[in-house]
Amino acid sequence: MTDPTERERLSGLINFAAELLKARDKTVMRLAEYGLGLFHEKEIASLPGIRLGGDETWLAVERLRPTDAPSCDPAFDGWMVGDANDPAKGPGLNVSVTLLVTIEEASDLASAGFISELDVHPHWPKATRQQHGDGQNIEPDASDTHVHVSLLTERMPEWQASFADWKNKVWQPWADAERPRRRTIAMYQVLYRLHGMIQSGSDTHVPEIVWGIGVAKWAPNERSQIDMPLIEKPCELLLAENGTLVIGPRSLPAIVNLRPFREISLSDADRAQGALSSQVDARSADPDMPLNPHDSVSFEDVLAGAATLLSSTARFVPSTEIPDGEKLPPATTELAVYGTWVIYARPRSDDLRHQDLKRIGEAIRDTSEETLQKPLVGLVKPPADTKTETGVDLTEWGFDPTGFGAVRPTGTIAASFGGMESGGQSGDPIPTAAKKLTYFFPLPFNAEQAQIVDTLEREDVAVVSYSPILGQIPGWFKLLCWPADRFR
C-alpha cells in the first residue's frame with residue numbers, strides 16, 4: 001500500500017511541474033496579438049460557401065472561385081480607373097483624358113463646348129521629337145492634320161451619367177454578390193495556409209486551431225485591455241478530398257482561460273476559474289447537453305455566471321442581441337461578455353500539457369487504488385541506506401548496480417573534491433578515499449563530464465567552462481538532465 005505522505009508528495013511534485021510549465025507562457029490579452037487568423041461568428045456565419053453545425057464538424061469552408069466583373073461599354077476604354085474586378089472599390093472615371101484627334105474633330109468638340117483653345121496642343125510625331133530632341137523650340141509640321149486635346153470629365157455630364165447608370169445597374173449588383181464571396185475566399189486562403197503549416201511544421205512551431213466561446217471585452221484602465229474568449233476548445237483542421245476545409249472538435253477538454261484577468265490582478269479571478277472550470281467540465285461530459293458553439297443553451301448560462309463572478313458591474317450580451325455581419329463593439333470600462341464564438345489560430349502552447357499534469361496530480365491524490373506504480377513513488381521516496389544480500393551498497397535510488405553492469409567513471413578530480421587522485425579512464429575504479437558513485441548514461445561520456453556530476457553530488461552549483469564554438473554544452477546538458485529526469 002502506498003504511504004499517504006508519499007501520495008501527497010507525488011501529487012504536489014506533479015502540480016509543481018504543471019505550474020512551472022505554465023509560468024513560461026506569456027499572457028495574451030487580445031486575440032489580435034496572435035496574428036495568425038481570426039474569424040468572429042457574426043462576421044462569417046452568413047457568408048456563402050460556409051456551413052455551420054453538427055457534432056463532429058463545426059465549420060466547413062468550400063473552395064470558391066472569384067467571378068469576373070461585367071464588361072463595360074467599349075466607349076469607356078481609356079476612361080476608366082481602378083480595378084473593376086475589385087468589388088470593395090470598383091471603377092471610376094478619369095478626371096481628364098488626352099486624345100489624338102483630327103483638326104476637324106477638335107473643332108467639333110470645341111463647338112459642342114467640350115474643350116477650349118487651351119485644351120488643344122500641337123501633335124509632335126515621335127520621329128520629330130527624336131530628330132530635334134524633347135524640350136527644344138521647334139515649329140509644328142504644317143502638313144500634320146492631328147492635334148492633342150484634353151477632355152475634362154466635368155464638362156461631359158451625359159458621359160458621366162451613362163457611366164454611372166452602368167455602374168449602378170450592372171456593376172453594383174455583381175459587387176454586392178461578389179463581396180461576401182471574396183471574404184469566403186480570403187478566409188479559405190488563411191485556413192489553407194494554416195493547414196499547410198500544421199502538416200509540415202515541427203511539434204514546437206506548428207500553430208493550433210482554437211474555437212473560443214464567450215468573448216470578454218474590457219478596458220479596466222488605460223494600460224490594460226482584454227479581448228479574449230472565456231472558454232477555449234482545441235480543434236482540428238482537415239482538408240477534404242473535394243478541397244473543403246473542415247474544422248471540428250478534438251478529443252481534448254475545453255479550457256477556461258482567465259489568465260488575462262489574473263494578469264490585471266483581479267481578486268476574484270482564481271475563485272471564478274475554479275467555479276467555471278467545474279461547470280465547463282460537467283457540461284462537456286453531459287451526453288444530453290454537450291458543449292457546442294452552435295447550441296447557445298449549452299453555454300450561455302455559464303457565460304452569464306462568469307460575468308457575475310468576474311465583476312459586479314459586468315453585463316452579459318446574448319448572441320441574439322448581436323447583429324449579423326457586424327463587429328463587436330470596442331472594449332469599455334465596463335466588462336462585457338458576449339455570447340458568441342470566435343475561431344483563431346495561435347502558436348502551440350503548453351496549456352494542454354499543463355492541464356494533463358494537473359489531472360494526473362489530482363488523480364494520484366484522489367485515486368482509489370491502494371498501491372501506485374513503483375516508478376512513480378520512486379520520484380519522492382527517500383534514499384535507501386540498506387545493502388543487498390550480496391553485501392553490495394544499494395544506490396540512492398534503491399537498486400543493485402551490479403544488475404545493470406554499471407561502471408564507476410573516474411575523471412580528473414581536483415584535490416579539493418575529497419582528495420581524489422587524478423587520472424584514470426571511464427571504467428577504472430574510483431579511489432577508496434572518494435564516495436562510490438554509479439552513473440547510468442545512455443551515451444558515452446568523458447572524464448570531465450563525470451567530474452561535473454561528482455561536483456553536483458557535493459555542491460549545489462557546479463561552474464562549467466565550455467566552448468560554444470565546439471558545441472559542448474548540448475552534450476553536457478543532456479548528460480546532466482538525463483539522470484535528473486529519470487531518478488531525481
# chains A, B, ... in the order shown; residues from 1 in each chain; ligands from 1
call {"tool": "select_by_dssp", "arguments": {"residues": "range 195-313 of chain A", "states": "strand (DSSP E)", "output": "VMD selection string"}}
result
chain A and resid 207 to 218 226 to 239 245 to 249 255 to 256
call {"tool": "write_last_selection", "arguments": {"atoms": "N, CA, C and O atoms", "output": "short mmCIF file (atom, residue, chain, number, x, y, z; two decimals), in the first residue's frame"}}
result
data_model
loop_
_atom_site.label_atom_id
_atom_site.label_comp_id
_atom_site.auth_asym_id
_atom_site.auth_seq_id
_atom_site.Cartn_x
_atom_site.Cartn_y
_atom_site.Cartn_z
N PRO A 207 1.11 25.91 -35.59
CA PRO A 207 0.00 26.60 -34.91
C PRO A 207 -1.07 25.60 -34.50
O PRO A 207 -1.07 24.44 -34.95
N GLU A 208 -1.97 26.03 -33.68
CA GLU A 208 -3.12 25.22 -33.30
C GLU A 208 -4.38 26.03 -33.51
O GLU A 208 -4.38 27.26 -33.39
N ILE A 209 -5.46 25.34 -33.86
CA ILE A 209 -6.75 25.98 -34.09
C ILE A 209 -7.57 25.90 -32.81
O ILE A 209 -7.69 24.83 -32.21
N VAL A 210 -8.13 27.02 -32.41
CA VAL A 210 -8.91 27.08 -31.17
C VAL A 210 -10.28 27.69 -31.49
O VAL A 210 -10.37 28.66 -32.25
N TRP A 211 -11.30 27.11 -30.90
CA TRP A 211 -12.65 27.65 -31.01
C TRP A 211 -12.99 28.30 -29.67
O TRP A 211 -13.18 27.60 -28.67
N GLY A 212 -13.03 29.62 -29.64
CA GLY A 212 -13.32 30.33 -28.41
C GLY A 212 -14.80 30.61 -28.26
O GLY A 212 -15.47 31.00 -29.23
N ILE A 213 -15.32 30.42 -27.06
CA ILE A 213 -16.74 30.64 -26.78
C ILE A 213 -16.86 31.67 -25.67
O ILE A 213 -16.25 31.54 -24.62
N GLY A 214 -17.66 32.71 -25.92
CA GLY A 214 -17.86 33.74 -24.92
C GLY A 214 -16.74 34.76 -24.93
O GLY A 214 -15.77 34.62 -24.20
N VAL A 215 -16.86 35.80 -25.76
CA VAL A 215 -15.79 36.79 -25.90
C VAL A 215 -15.96 37.87 -24.83
O VAL A 215 -17.00 38.53 -24.74
N ALA A 216 -14.91 38.04 -24.01
CA ALA A 216 -14.91 39.06 -22.96
C ALA A 216 -14.12 40.27 -23.45
O ALA A 216 -13.00 40.13 -23.92
N LYS A 217 -14.72 41.44 -23.34
CA LYS A 217 -14.07 42.69 -23.74
C LYS A 217 -14.13 43.66 -22.57
O LYS A 217 -15.21 43.92 -22.03
N TRP A 218 -12.95 44.19 -22.20
CA TRP A 218 -12.87 45.03 -21.01
C TRP A 218 -11.61 45.88 -21.09
O TRP A 218 -10.55 45.40 -21.47
N ILE A 226 -8.63 43.84 -22.37
CA ILE A 226 -8.89 42.40 -22.53
C ILE A 226 -9.85 42.19 -23.69
O ILE A 226 -10.89 42.84 -23.76
N ASP A 227 -9.49 41.31 -24.59
CA ASP A 227 -10.34 40.92 -25.71
C ASP A 227 -10.05 39.45 -25.99
O ASP A 227 -9.32 39.11 -26.91
N MET A 228 -10.59 38.57 -25.15
CA MET A 228 -10.30 37.14 -25.22
C MET A 228 -11.55 36.32 -24.91
O MET A 228 -12.42 36.76 -24.18
N PRO A 229 -11.62 35.10 -25.46
CA PRO A 229 -12.73 34.21 -25.10
C PRO A 229 -12.51 33.61 -23.72
O PRO A 229 -11.37 33.39 -23.29
N LEU A 230 -13.61 33.32 -23.02
CA LEU A 230 -13.51 32.73 -21.70
C LEU A 230 -13.33 31.21 -21.76
O LEU A 230 -12.70 30.62 -20.89
N ILE A 231 -13.88 30.57 -22.79
CA ILE A 231 -13.79 29.12 -22.94
C ILE A 231 -13.05 28.81 -24.25
O ILE A 231 -13.38 29.38 -25.29
N GLU A 232 -12.08 27.94 -24.17
CA GLU A 232 -11.29 27.57 -25.34
C GLU A 232 -11.41 26.06 -25.60
O GLU A 232 -11.18 25.26 -24.69
N LYS A 233 -11.75 25.73 -26.82
CA LYS A 233 -11.88 24.33 -27.21
C LYS A 233 -10.90 24.03 -28.34
O LYS A 233 -11.02 24.58 -29.44
N PRO A 234 -9.90 23.17 -28.12
CA PRO A 234 -8.97 22.82 -29.20
C PRO A 234 -9.69 22.13 -30.35
O PRO A 234 -10.56 21.29 -30.13
N CYS A 235 -9.32 22.49 -31.57
CA CYS A 235 -9.97 21.93 -32.76
C CYS A 235 -8.93 21.43 -33.74
O CYS A 235 -7.74 21.78 -33.66
N GLU A 236 -9.37 20.62 -34.67
CA GLU A 236 -8.51 20.14 -35.75
C GLU A 236 -9.00 20.72 -37.07
O GLU A 236 -10.19 20.98 -37.24
N LEU A 237 -8.06 20.91 -37.97
CA LEU A 237 -8.34 21.47 -39.29
C LEU A 237 -7.97 20.43 -40.34
O LEU A 237 -6.80 20.04 -40.45
N LEU A 238 -8.98 19.97 -41.09
CA LEU A 238 -8.77 18.91 -42.07
C LEU A 238 -9.12 19.39 -43.46
O LEU A 238 -9.95 20.29 -43.63
N LEU A 239 -8.49 18.78 -44.46
CA LEU A 239 -8.74 19.10 -45.87
C LEU A 239 -9.41 17.90 -46.52
O LEU A 239 -8.83 16.82 -46.61
N LEU A 245 -12.37 22.74 -46.51
CA LEU A 245 -11.65 22.75 -45.24
C LEU A 245 -12.66 22.58 -44.11
O LEU A 245 -13.69 23.26 -44.08
N VAL A 246 -12.36 21.66 -43.21
CA VAL A 246 -13.30 21.29 -42.15
C VAL A 246 -12.64 21.53 -40.79
O VAL A 246 -11.49 21.14 -40.57
N ILE A 247 -13.38 22.17 -39.89
CA ILE A 247 -12.92 22.37 -38.51
C ILE A 247 -13.88 21.64 -37.59
O ILE A 247 -15.10 21.81 -37.67
N GLY A 248 -13.31 20.80 -36.72
CA GLY A 248 -14.12 20.04 -35.77
C GLY A 248 -13.41 19.93 -34.44
O GLY A 248 -12.20 20.18 -34.33
N PRO A 249 -14.13 19.56 -33.38
CA PRO A 249 -13.52 19.49 -32.04
C PRO A 249 -12.56 18.32 -31.92
O PRO A 249 -12.78 17.25 -32.49
N ILE A 255 -11.18 24.38 -22.09
CA ILE A 255 -10.39 25.01 -21.04
C ILE A 255 -10.98 26.38 -20.74
O ILE A 255 -11.31 27.14 -21.66
N VAL A 256 -11.10 26.72 -19.47
CA VAL A 256 -11.49 28.06 -19.06
C VAL A 256 -10.23 28.92 -18.96
O VAL A 256 -9.30 28.57 -18.23
#
call {"tool": "residues_around", "arguments": {"residues": "Thr333 in chain A", "least_positions_apart": "4", "cutoff": "10 Å", "atoms": "only C-alpha atoms", "output": "list in words"}}
result
Lys217, Trp218, Ala219, Pro220, Asn221, Glu222, Gln225, Thr313 and Ala314 of chain A
call {"tool": "closest_residue", "arguments": {"among": "A:Pro74, A:Pro290, A:Gly361, A:Pro122", "to": "Val101 in chain A", "atoms": "only C-alpha atoms"}}
result
A:Pro122
call {"tool": "atom_distance", "arguments": {"atom1": "CA of Val377 in chain A", "atom2": "CA of Arg353 in chain A"}}
result
21.1 Å
call {"tool": "select_by_dssp", "arguments": {"residues": "range 136-350 of chain A", "states": "alpha helix (DSSP H)", "output": "MDAnalysis selection string"}}
result
chainID A and resid 157:166 172:200 259:263 269:284 300:310
call {"tool": "closest_residue", "arguments": {"among": "A:Glu41, A:Glu6, A:Asp286, A:Glu56", "to": "Arg250 in chain A", "atoms": "only C-alpha atoms"}}
result
A:Glu56
